[in-house]
Amino acid sequence: MPELPAVSRRLLLGGALATGAAAAGVGAAQAAPAAGAAAAGGGDAPLPVHTPPRRRGQRSMIDVPFDVHGTVRVGMIGLGNRGSGMAEGWAAVPGCRVTAVCDIRADRATSVANRLVALGKPRPAEYGGSADAYAQMLKRDDIDLVYIATPWEFHHRQGKAALEAGKHAIVELPIATELDELWDLVDTSERTRRHLMLSENCSYGRNELAMLKMAHDGLFGDVTNGHGGYLHDLRELLFSDTYYTDSWRRLWHTRSTASFYPMHGLAPIAAAMDINRGDRMTVLRATATEPKGLADYRERFIDRSHPSWKETYVNGDLVTCLIDTAMGRVIRAEHDVSSPRPYSRINSLAGSRGIFEDYAGTSATGGRIYVEPDHSGHSWRDFDSYRKEFDHWLWKKIGDDAENNGGHGGMDYILQWRTVQAMRAGLVPDIDVYDSAAWCAPVPLSVKSLAAGGRPVAYPDFTRGSWVNLRMGLDSRESDMPPVA
Amino acid sequence: MSVSRWLRPLGPLRAVRAVAVAASLALVAAPAASAAEPPADPAAARTEVTVPPVDLDGPAITTVTVRVKNAGPQRMRSLKVTFAGPVGWAVQPSVTAVSGSLGVGDSARAEFRIRVPEKRPGFALRTFTATATYSGGDGAGAATGTRTEVVGSPLPDLAAAYDNVGVTDESDTAPGDYDGDGNSFSAQKLAAVGLTPGTTVRALGAELAWPDAEPGTPGNVSSAGQAITLNGQGSRLVFLGSGVGSAATGTATVHYTDGTSSRGQFGFPNWSFDPADLHGATLVASADGRNRPDGYGNAGIAYRIFAHSVPLDASKQVAFVVLPSNGNVHVFAMAVAP
């Protein structure tokens, strides 16, 4: 990707002094180029991004259904906390079988295989012991879907390798951390005709799906804004010597300034706004607080002999992205994993007729609502009756199974069940590579914006123009899981 | 009459930076079914904008083909068509423009796609509106067509919609919550001015039945767009009620048995503090004081019931009424006045 020279915040925002510097150093300071123009002048113009042309033989994967798979055979890469925790869920979905498991630590592969056998499932093939063990696994011809749950820095290469091996891929967050990598996954999906999707369990959250259906019903009127995020006090886990293998997640905080992981809150808001299905995100600007939380935690709770004392944390505790959409909406996506606070993904959606807020109020659902004409008098109402009325068919159909079979309140199993169902029934996936890339783009875009003092950055259109078309997505029509022979 | 013509497919729409969408948005002239029809009277002819039935079996992306007929005496040029469904329902495109022109009697079709949500239980009216703007034709410059799809059945009567406890006995005021703060009318004080359960109230030419509800039970409707079955024919539809908060106003829509509808605005003063003729209302009864959560109180202050009405098309039979979408409007009864 072409990188623009960093422009200091003072240069962008300053008065007379900065003008001369801008004219000399950057050029076109007085001109206000249109969004997406190449020049880097003008404080209001978003920094442009490059949209690579579609290469020969590449075609859109929008609305491309899966081929029908009688059985979905899953290969798993990465068997740490997240990966191993998903194994039972995959194995529990009707018509799904885990055929191979892989981790650089071979004992983890054996452990997961043993667990599956103990559940009465066929023993999966085991791969491990080296960094390229996954590549060996991908040579198998009994894998249809590759589930990737390794540290972030491996997602792009492993996801791409899965596609190139002829498999579909479902990748934990984020699918990649750089813009060129995101484009590469889009292009590889289009070239190989294989789907790659973000393993965004929160897209299948019960409140999130009800919020989506309420938006489509018009309960909020014209949706004007939404807020989501990942606000999760991970300090204890980040400093754990065992939870994140080799402390990979803490180390990201020593080397990058970015919104690392806003997707859990951003994706449901993007769905409710029909991003890539009639709207698209056009501009992002980011702010970051000072990095205080991790150093303060270390000071209070971590022994001086711990290796973390050699580290310097650079990422702001609260990184906020404000994202404009083509239809004039605004999304606020937040990320904070290093401050003391109760968990929240925010999940707030508002429009001309009302508002929904999650993680607030006293309802058993965790949500509260205020929509005209149902409500008046400036007081919140419990979300309970609305969630019941707008409950997504997936939760009505398999909600009980989900809560018995998977983590995160059942979202994981719903995601797994629906993914397998789409492959077995030959459906279009609810989440495609374009959604996945768009939801993960705040990671590199926030880097660019923060490096430029919070300047707006143009948002890539991974659909290459097809976002204007209304199409179905997570608000899907009910259908059955094909019977297992 | 001119023969039918096929307009060339539209390019990307100006309002949307369309790239891949153009192929699905072709706008073509309709076959000249009109060629066999007698010539329209130019003086009376108006541009016809027709919205077809909309498939509401969602969730789905549904295609709607709007038809615009140039019934005026002039060739129609610069035709643009917009289409909108219920608020919040995404439509693609927001506007479509016809290049070329339409001869007298010719029709054009404009295709739109709309995101239709899953059907919900209960009653809903889904209104779709297409607007054409143009030069020439009938000279009016703009024409509109609407279609209202009725989903589900209206409630059988107003009592079925009672959702608010507005009257309580002075010996048990706790169930009341007329105003959102736990206050309610006193059954005793209403009886003192003639309002007992089931009694007939004459107001604005109508005979209305005061709710036959025991004190402490739901006996009025906080208006939220509920559809209520009502049979009758007359000049006005009369409502009995009062407001809470401020701005207890809204629009009632009356649907007739022939499928048409009419709308009328009305409002009630606040049950206590507004002038009694606010919004054009008529005072019907004043109760002395009110019941508060801890018992009867506010003696000396009037808590009131009003009447107001909206006009009806007296030539038609009323089928059902859709109450205003404003929870501050509390309705106790409604009836048709001759």
# chains A, B, ... in the order shown; residues from 1 in each chain; ligands from 1
>>> interface_residues(of="chain A", to="chain B", cutoff="7 Å", atoms="only C-alpha atoms", output="list in words")
Ala215, His216, Asp217, Gly218, Gly221, Asp222, Val223, Pro373, Asp374, His375, Ser376, Gly465, Ser466, Val468, Asn469, Leu470, Arg471, Met472, Asp475, Ser476 and Arg477 of chain A
>>> write_last_selection(atoms="C-alpha atoms", output="PDB file, in the first residue's frame")
ATOM      1  CA  ALA A 215     -33.802  -1.907  12.555  1.00  0.00           C
ATOM      2  CA  HIS A 216     -35.076  -3.672   9.455  1.00  0.00           C
ATOM      3  CA  ASP A 217     -38.639  -3.444  10.730  1.00  0.00           C
ATOM      4  CA  GLY A 218     -38.266   0.308  11.043  1.00  0.00           C
ATOM      5  CA  GLY A 221     -37.070   4.961  12.037  1.00  0.00           C
ATOM      6  CA  ASP A 222     -34.207   6.025   9.823  1.00  0.00           C
ATOM      7  CA  VAL A 223     -31.123   4.712  11.567  1.00  0.00           C
ATOM      8  CA  PRO A 373     -44.831   5.522  19.282  1.00  0.00           C
ATOM      9  CA  ASP A 374     -44.602   2.682  21.782  1.00  0.00           C
ATOM     10  CA  HIS A 375     -42.869   4.831  24.367  1.00  0.00           C
ATOM     11  CA  SER A 376     -43.035   8.371  25.613  1.00  0.00           C
ATOM     12  CA  GLY A 465     -18.805  -0.812  -5.813  1.00  0.00           C
ATOM     13  CA  SER A 466     -21.294  -3.578  -5.111  1.00  0.00           C
ATOM     14  CA  VAL A 468     -25.011  -0.254  -3.208  1.00  0.00           C
ATOM     15  CA  ASN A 469     -27.017  -3.398  -3.804  1.00  0.00           C
ATOM     16  CA  LEU A 470     -29.521  -4.489  -1.184  1.00  0.00           C
ATOM     17  CA  ARG A 471     -29.013  -8.124  -0.346  1.00  0.00           C
ATOM     18  CA  MET A 472     -29.681 -10.569   2.418  1.00  0.00           C
ATOM     19  CA  ASP A 475     -31.389 -11.265   8.944  1.00  0.00           C
ATOM     20  CA  SER A 476     -31.969 -14.483   7.066  1.00  0.00           C
ATOM     21  CA  ARG A 477     -34.991 -16.620   6.294  1.00  0.00           C
TER      22      ARG A 477
END
>>> residues_around(residues="Glu214 in chain B", least_positions_apart="3", cutoff="12 Å", atoms="only C-alpha atoms", output="list in words")
Val165, Gly166, Val167, Thr168, Asp169, Asp172, Pro175, Gly176, Ser186, Ala187, Gln188, Thr196, Pro197, Gly198, Trp210, Pro211, Thr217, Pro218, Gly219 and Asn220 of chain B
>>> write_last_selection(atoms="all heavy atoms", output="compact mmCIF listing (two decimals), in the first residue's frame")
# COMPACT_ATOMS: atom_id res chain seq x y z
N VAL B 165 -54.30 1.59 33.20
CA VAL B 165 -55.21 1.71 34.33
C VAL B 165 -55.32 3.19 34.67
O VAL B 165 -54.41 3.77 35.27
CB VAL B 165 -54.71 0.90 35.54
CG1 VAL B 165 -55.68 1.07 36.72
CG2 VAL B 165 -54.55 -0.56 35.17
N GLY B 166 -56.42 3.80 34.26
CA GLY B 166 -56.58 5.23 34.43
C GLY B 166 -57.55 5.61 35.53
O GLY B 166 -57.63 6.78 35.91
N VAL B 167 -58.32 4.63 36.03
CA VAL B 167 -59.32 4.89 37.06
C VAL B 167 -59.12 3.89 38.19
O VAL B 167 -59.02 2.68 37.94
CB VAL B 167 -60.76 4.75 36.50
CG1 VAL B 167 -61.78 5.05 37.59
CG2 VAL B 167 -60.96 5.67 35.29
N THR B 168 -59.08 4.39 39.41
CA THR B 168 -58.95 3.49 40.57
C THR B 168 -59.94 3.91 41.65
O THR B 168 -60.45 5.03 41.67
CB THR B 168 -57.53 3.54 41.18
OG1 THR B 168 -57.21 4.90 41.49
CG2 THR B 168 -56.50 2.97 40.21
N ASP B 169 -60.20 2.95 42.52
CA ASP B 169 -61.04 3.24 43.68
C ASP B 169 -60.21 3.97 44.73
O ASP B 169 -59.02 3.68 44.90
CB ASP B 169 -61.59 1.91 44.24
CG ASP B 169 -62.68 2.15 45.26
OD1 ASP B 169 -62.35 2.53 46.42
OD2 ASP B 169 -63.86 1.98 44.89
N ASP B 172 -58.15 1.88 46.93
CA ASP B 172 -57.05 1.08 46.38
C ASP B 172 -56.49 1.80 45.16
O ASP B 172 -56.83 1.49 44.02
CB ASP B 172 -57.55 -0.32 46.01
CG ASP B 172 -56.42 -1.20 45.47
OD1 ASP B 172 -55.23 -0.84 45.68
OD2 ASP B 172 -56.74 -2.24 44.85
N PRO B 175 -52.99 0.39 41.88
CA PRO B 175 -52.88 -0.12 40.50
C PRO B 175 -52.85 0.98 39.44
O PRO B 175 -52.49 0.74 38.30
CB PRO B 175 -54.15 -0.97 40.33
CG PRO B 175 -54.61 -1.26 41.72
CD PRO B 175 -54.21 -0.07 42.54
N GLY B 176 -53.22 2.19 39.81
CA GLY B 176 -53.37 3.25 38.81
C GLY B 176 -52.05 3.79 38.30
O GLY B 176 -51.07 3.89 39.04
N SER B 186 -60.12 9.26 40.14
CA SER B 186 -60.86 8.65 41.24
C SER B 186 -62.20 8.14 40.71
O SER B 186 -62.98 8.91 40.14
CB SER B 186 -61.09 9.67 42.36
OG SER B 186 -62.24 9.31 43.10
N ALA B 187 -62.47 6.85 40.89
CA ALA B 187 -63.75 6.29 40.44
C ALA B 187 -64.92 6.99 41.13
O ALA B 187 -65.96 7.26 40.50
CB ALA B 187 -63.79 4.78 40.72
N GLN B 188 -64.74 7.32 42.40
CA GLN B 188 -65.82 7.98 43.13
C GLN B 188 -66.09 9.38 42.56
O GLN B 188 -67.25 9.79 42.40
CB GLN B 188 -65.46 8.09 44.62
CG GLN B 188 -65.62 6.79 45.40
CD GLN B 188 -64.41 5.84 45.26
OE1 GLN B 188 -63.49 6.11 44.49
NE2 GLN B 188 -64.45 4.74 45.98
N THR B 196 -69.84 6.51 35.26
CA THR B 196 -69.72 5.20 35.90
C THR B 196 -69.54 4.16 34.81
O THR B 196 -69.92 4.40 33.65
CB THR B 196 -70.99 4.87 36.71
OG1 THR B 196 -72.12 5.04 35.84
CG2 THR B 196 -71.13 5.80 37.90
N PRO B 197 -68.98 2.98 35.15
CA PRO B 197 -68.70 1.98 34.11
C PRO B 197 -69.93 1.67 33.26
O PRO B 197 -71.01 1.39 33.79
CB PRO B 197 -68.23 0.77 34.91
CG PRO B 197 -67.61 1.36 36.14
CD PRO B 197 -68.45 2.58 36.45
N GLY B 198 -69.75 1.75 31.95
CA GLY B 198 -70.80 1.38 31.01
C GLY B 198 -71.81 2.46 30.71
O GLY B 198 -72.67 2.28 29.84
N TRP B 210 -68.93 4.88 28.14
CA TRP B 210 -67.80 4.98 29.07
C TRP B 210 -67.32 3.56 29.39
O TRP B 210 -68.15 2.65 29.53
CB TRP B 210 -68.25 5.70 30.35
CG TRP B 210 -67.12 5.97 31.31
CD1 TRP B 210 -66.93 5.39 32.51
CD2 TRP B 210 -66.03 6.87 31.11
NE1 TRP B 210 -65.79 5.87 33.10
CE2 TRP B 210 -65.20 6.78 32.26
CE3 TRP B 210 -65.67 7.74 30.08
CZ2 TRP B 210 -64.03 7.52 32.41
CZ3 TRP B 210 -64.51 8.49 30.24
CH2 TRP B 210 -63.70 8.37 31.39
N PRO B 211 -66.03 3.33 29.45
CA PRO B 211 -65.52 1.95 29.58
C PRO B 211 -66.19 1.18 30.71
O PRO B 211 -66.31 1.69 31.83
CB PRO B 211 -64.03 2.16 29.84
CG PRO B 211 -63.72 3.46 29.19
CD PRO B 211 -64.95 4.31 29.35
N THR B 217 -58.49 -1.67 36.89
CA THR B 217 -58.18 -2.54 35.76
C THR B 217 -57.99 -1.67 34.52
O THR B 217 -58.45 -0.53 34.47
CB THR B 217 -59.31 -3.56 35.50
OG1 THR B 217 -60.49 -2.84 35.12
CG2 THR B 217 -59.59 -4.39 36.74
N PRO B 218 -57.33 -2.22 33.48
CA PRO B 218 -57.13 -1.43 32.27
C PRO B 218 -58.47 -0.99 31.69
O PRO B 218 -59.38 -1.80 31.53
CB PRO B 218 -56.40 -2.39 31.34
CG PRO B 218 -55.68 -3.32 32.26
CD PRO B 218 -56.62 -3.50 33.43
N GLY B 219 -58.59 0.32 31.40
CA GLY B 219 -59.85 0.85 30.90
C GLY B 219 -59.68 2.00 29.93
O GLY B 219 -60.65 2.70 29.65
N ASN B 220 -58.49 2.19 29.45
CA ASN B 220 -58.29 3.18 28.38
C ASN B 220 -57.05 2.78 27.59
O ASN B 220 -56.28 1.90 28.00
CB ASN B 220 -58.18 4.60 28.93
CG ASN B 220 -56.84 4.86 29.60
OD1 ASN B 220 -55.89 5.31 28.97
ND2 ASN B 220 -56.75 4.54 30.91
>>> closest_residue(among="A:Pro483, A:Gly226, A:Gly278, A:Gly426", to="Asp67 in chain A", atoms="only C-alpha atoms")
A:Gly426
>>> atom_distance(atom1="CA of Glu334 in chain A", atom2="CA of Ala364 in chain A")
24.3 Å
>>> residues_around(residues="range 319-324 of chain A", least_positions_apart="4", cutoff="6 Å", atoms="only C-alpha atoms", output="mmCIF file with N, CA and C atoms, in the first residue's frame")
data_model
loop_
_atom_site.group_PDB
_atom_site.id
_atom_site.type_symbol
_atom_site.label_atom_id
_atom_site.label_comp_id
_atom_site.auth_asym_id
_atom_site.auth_seq_id
_atom_site.Cartn_x
_atom_site.Cartn_y
_atom_site.Cartn_z
ATOM 1 N N SER A 259 -6.673 0.498 17.081
ATOM 2 C CA SER A 259 -7.842 -0.168 17.626
ATOM 3 C C SER A 259 -7.703 -1.635 17.222
ATOM 4 N N MET A 281 -19.034 1.960 4.815
ATOM 5 C CA MET A 281 -18.246 2.861 5.645
ATOM 6 C C MET A 281 -17.276 3.614 4.731
ATOM 7 N N THR A 282 -17.208 4.936 4.893
ATOM 8 C CA THR A 282 -16.447 5.749 3.932
ATOM 9 C C THR A 282 -15.224 6.423 4.523
ATOM 10 N N VAL A 283 -15.300 6.819 5.771
ATOM 11 C CA VAL A 283 -14.198 7.577 6.382
ATOM 12 C C VAL A 283 -14.074 7.160 7.836
ATOM 13 N N LEU A 284 -12.838 7.021 8.301
ATOM 14 C CA LEU A 284 -12.589 6.701 9.709
ATOM 15 C C LEU A 284 -11.619 7.720 10.291
ATOM 16 N N ARG A 285 -11.893 8.126 11.508
ATOM 17 C CA ARG A 285 -10.928 8.934 12.242
ATOM 18 C C ARG A 285 -10.818 8.351 13.638
ATOM 19 N N ALA A 286 -9.610 8.364 14.175
ATOM 20 C CA ALA A 286 -9.372 7.690 15.449
ATOM 21 C C ALA A 286 -8.776 8.638 16.469
ATOM 22 N N THR A 287 -9.116 8.378 17.702
ATOM 23 C CA THR A 287 -8.450 9.048 18.816
ATOM 24 C C THR A 287 -7.967 7.975 19.779
ATOM 25 N N ALA A 288 -6.962 8.334 20.552
ATOM 26 C CA ALA A 288 -6.452 7.394 21.552
ATOM 27 C C ALA A 288 -6.092 8.157 22.804
ATOM 28 N N ARG A 329 -24.671 8.081 8.018
ATOM 29 C CA ARG A 329 -24.709 7.619 9.402
ATOM 30 C C ARG A 329 -23.323 7.759 10.031
ATOM 31 N N VAL A 330 -23.304 7.645 11.345
ATOM 32 C CA VAL A 330 -22.034 7.689 12.063
ATOM 33 C C VAL A 330 -21.981 6.502 13.026
ATOM 34 N N ILE A 331 -20.836 5.841 13.006
ATOM 35 C CA ILE A 331 -20.593 4.716 13.922
ATOM 36 C C ILE A 331 -19.443 5.097 14.847
ATOM 37 N N ARG A 332 -19.619 4.813 16.121
ATOM 38 C CA ARG A 332 -18.504 4.959 17.059
ATOM 39 C C ARG A 332 -18.083 3.565 17.493
ATOM 40 N N ALA A 333 -16.847 3.218 17.217
ATOM 41 C CA ALA A 333 -16.337 1.893 17.582
ATOM 42 C C ALA A 333 -15.204 2.073 18.582
ATOM 43 N N GLU A 334 -15.344 1.439 19.731
ATOM 44 C CA GLU A 334 -14.360 1.640 20.790
ATOM 45 C C GLU A 334 -13.595 0.369 21.107
ATOM 46 N N HIS A 335 -12.392 0.561 21.625
ATOM 47 C CA HIS A 335 -11.582 -0.580 22.053
ATOM 48 C C HIS A 335 -10.851 -0.196 23.329
#
>>> select_by_dssp(residues="range 123-260 of chain B", states="strand (DSSP E or B)", output="PyMOL selection string")
chain B and resi 124-136+142-151+155+164+167-169+172+184-186+200-203+206-209+220-222+227-232+236-243+248-256
>>> select_by_dssp(residues="range 95-284 of chain B", states="alpha helix (DSSP H)", output="NGL selection string")
:B and (187-192)
>>> residues_around(residues="Asp435 in chain A", least_positions_apart="4", cutoff="7 Å", atoms="only C-alpha atoms", output="PyMOL selection string")
chain A and resi 276+431+439
>>> residues_around(residues="Ile369 in chain A", least_positions_apart="5", cutoff="6 Å", atoms="only C-alpha atoms", output="list in words")
Ile355, Phe356, Trp380, Arg381 and Phe383 of chain A
>>> write_last_selection(atoms="N, CA, C and O atoms", output="mmCIF file, in the first residue's frame")
data_model
loop_
_atom_site.group_PDB
_atom_site.id
_atom_site.type_symbol
_atom_site.label_atom_id
_atom_site.label_comp_id
_atom_site.auth_asym_id
_atom_site.auth_seq_id
_atom_site.Cartn_x
_atom_site.Cartn_y
_atom_site.Cartn_z
ATOM 1 N N ILE A 355 -34.258 4.404 20.103
ATOM 2 C CA ILE A 355 -32.897 3.980 20.435
ATOM 3 C C ILE A 355 -32.923 2.681 21.225
ATOM 4 O O ILE A 355 -33.833 2.420 22.014
ATOM 5 N N PHE A 356 -31.908 1.859 20.993
ATOM 6 C CA PHE A 356 -31.657 0.665 21.806
ATOM 7 C C PHE A 356 -30.267 0.783 22.400
ATOM 8 O O PHE A 356 -29.338 1.215 21.723
ATOM 9 N N TRP A 380 -36.665 5.087 29.965
ATOM 10 C CA TRP A 380 -36.280 3.835 29.312
ATOM 11 C C TRP A 380 -37.272 2.726 29.641
ATOM 12 O O TRP A 380 -37.872 2.719 30.715
ATOM 13 N N ARG A 381 -37.372 1.759 28.747
ATOM 14 C CA ARG A 381 -38.169 0.554 28.987
ATOM 15 C C ARG A 381 -37.261 -0.668 28.858
ATOM 16 O O ARG A 381 -36.264 -0.646 28.145
ATOM 17 N N PHE A 383 -35.922 -4.190 27.608
ATOM 18 C CA PHE A 383 -35.827 -4.728 26.248
ATOM 19 C C PHE A 383 -36.549 -6.068 26.126
ATOM 20 O O PHE A 383 -36.807 -6.530 25.009
#
>>> residues_around(residues="Gly128 in chain A", least_positions_apart="2", cutoff="10 Å", atoms="only C-alpha atoms", output="ChimeraX atom specification")
/A:77-78,101-110,126,130-134,136-137
>>> residues_around(residues="range 66-83 of chain B", least_positions_apart="2", cutoff="8 Å", atoms="only C-alpha atoms", output="ChimeraX atom specification")
/B:30,40,42,45-52,64,85,91,94-112,128-139
>>> atom_distance(atom1="CA of Asp180 in chain A", atom2="CA of Arg277 in chain A")
22.9 Å
>>> atom_distance(atom1="CA of Gly250 in chain B", atom2="CA of Val310 in chain B")
10.8 Å
>>> decode(residues="range 449-462 of chain A", atoms="N, CA, C and O atoms", output="mmCIF file, in the first residue's frame")
data_model
loop_
_atom_site.group_PDB
_atom_site.id
_atom_site.type_symbol
_atom_site.label_atom_id
_atom_site.label_comp_id
_atom_site.auth_asym_id
_atom_site.auth_seq_id
_atom_site.Cartn_x
_atom_site.Cartn_y
_atom_site.Cartn_z
ATOM 1 N N SER A 449 -4.755 6.798 10.948
ATOM 2 C CA SER A 449 -5.364 8.017 11.466
ATOM 3 C C SER A 449 -4.606 8.526 12.695
ATOM 4 O O SER A 449 -4.314 9.722 12.802
ATOM 5 N N LEU A 450 -4.290 7.603 13.591
ATOM 6 C CA LEU A 450 -3.578 8.028 14.802
ATOM 7 C C LEU A 450 -2.192 8.568 14.459
ATOM 8 O O LEU A 450 -1.735 9.549 15.046
ATOM 9 N N ALA A 451 -1.525 7.946 13.494
ATOM 10 C CA ALA A 451 -0.209 8.423 13.088
ATOM 11 C C ALA A 451 -0.292 9.821 12.493
ATOM 12 O O ALA A 451 0.674 10.583 12.525
ATOM 13 N N ALA A 452 -1.441 10.159 11.954
ATOM 14 C CA ALA A 452 -1.640 11.481 11.347
ATOM 15 C C ALA A 452 -2.393 12.398 12.297
ATOM 16 O O ALA A 452 -3.075 13.330 11.855
ATOM 17 N N GLY A 453 -2.300 12.137 13.577
ATOM 18 C CA GLY A 453 -2.898 13.037 14.557
ATOM 19 C C GLY A 453 -4.403 13.015 14.591
ATOM 20 O O GLY A 453 -5.039 13.989 14.977
ATOM 21 N N GLY A 454 -4.985 11.918 14.164
ATOM 22 C CA GLY A 454 -6.449 11.805 14.215
ATOM 23 C C GLY A 454 -7.120 12.220 12.927
ATOM 24 O O GLY A 454 -8.347 12.336 12.864
ATOM 25 N N ARG A 455 -6.338 12.393 11.897
ATOM 26 C CA ARG A 455 -6.901 12.836 10.625
ATOM 27 C C ARG A 455 -7.823 11.758 10.033
ATOM 28 O O ARG A 455 -7.572 10.570 10.195
ATOM 29 N N PRO A 456 -8.874 12.188 9.323
ATOM 30 C CA PRO A 456 -9.744 11.206 8.658
ATOM 31 C C PRO A 456 -8.988 10.401 7.610
ATOM 32 O O PRO A 456 -8.113 10.922 6.914
ATOM 33 N N VAL A 457 -9.341 9.158 7.512
ATOM 34 C CA VAL A 457 -8.734 8.249 6.537
ATOM 35 C C VAL A 457 -9.869 7.645 5.710
ATOM 36 O O VAL A 457 -10.873 7.198 6.270
ATOM 37 N N ALA A 458 -9.709 7.675 4.420
ATOM 38 C CA ALA A 458 -10.738 7.068 3.568
ATOM 39 C C ALA A 458 -10.828 5.573 3.845
ATOM 40 O O ALA A 458 -9.833 4.917 4.139
ATOM 41 N N TYR A 459 -12.038 5.047 3.766
ATOM 42 C CA TYR A 459 -12.292 3.637 4.091
ATOM 43 C C TYR A 459 -12.339 2.847 2.798
ATOM 44 O O TYR A 459 -13.068 3.225 1.875
ATOM 45 N N PRO A 460 -11.581 1.810 2.679
ATOM 46 C CA PRO A 460 -11.612 1.064 1.417
ATOM 47 C C PRO A 460 -12.972 0.396 1.180
ATOM 48 O O PRO A 460 -13.645 -0.006 2.126
ATOM 49 N N ASP A 461 -13.338 0.324 -0.067
ATOM 50 C CA ASP A 461 -14.568 -0.385 -0.455
ATOM 51 C C ASP A 461 -14.161 -1.740 -1.004
ATOM 52 O O ASP A 461 -13.853 -1.871 -2.176
ATOM 53 N N PHE A 462 -14.191 -2.733 -0.138
ATOM 54 C CA PHE A 462 -13.729 -4.062 -0.551
ATOM 55 C C PHE A 462 -14.684 -4.710 -1.551
ATOM 56 O O PHE A 462 -14.311 -5.664 -2.224
#
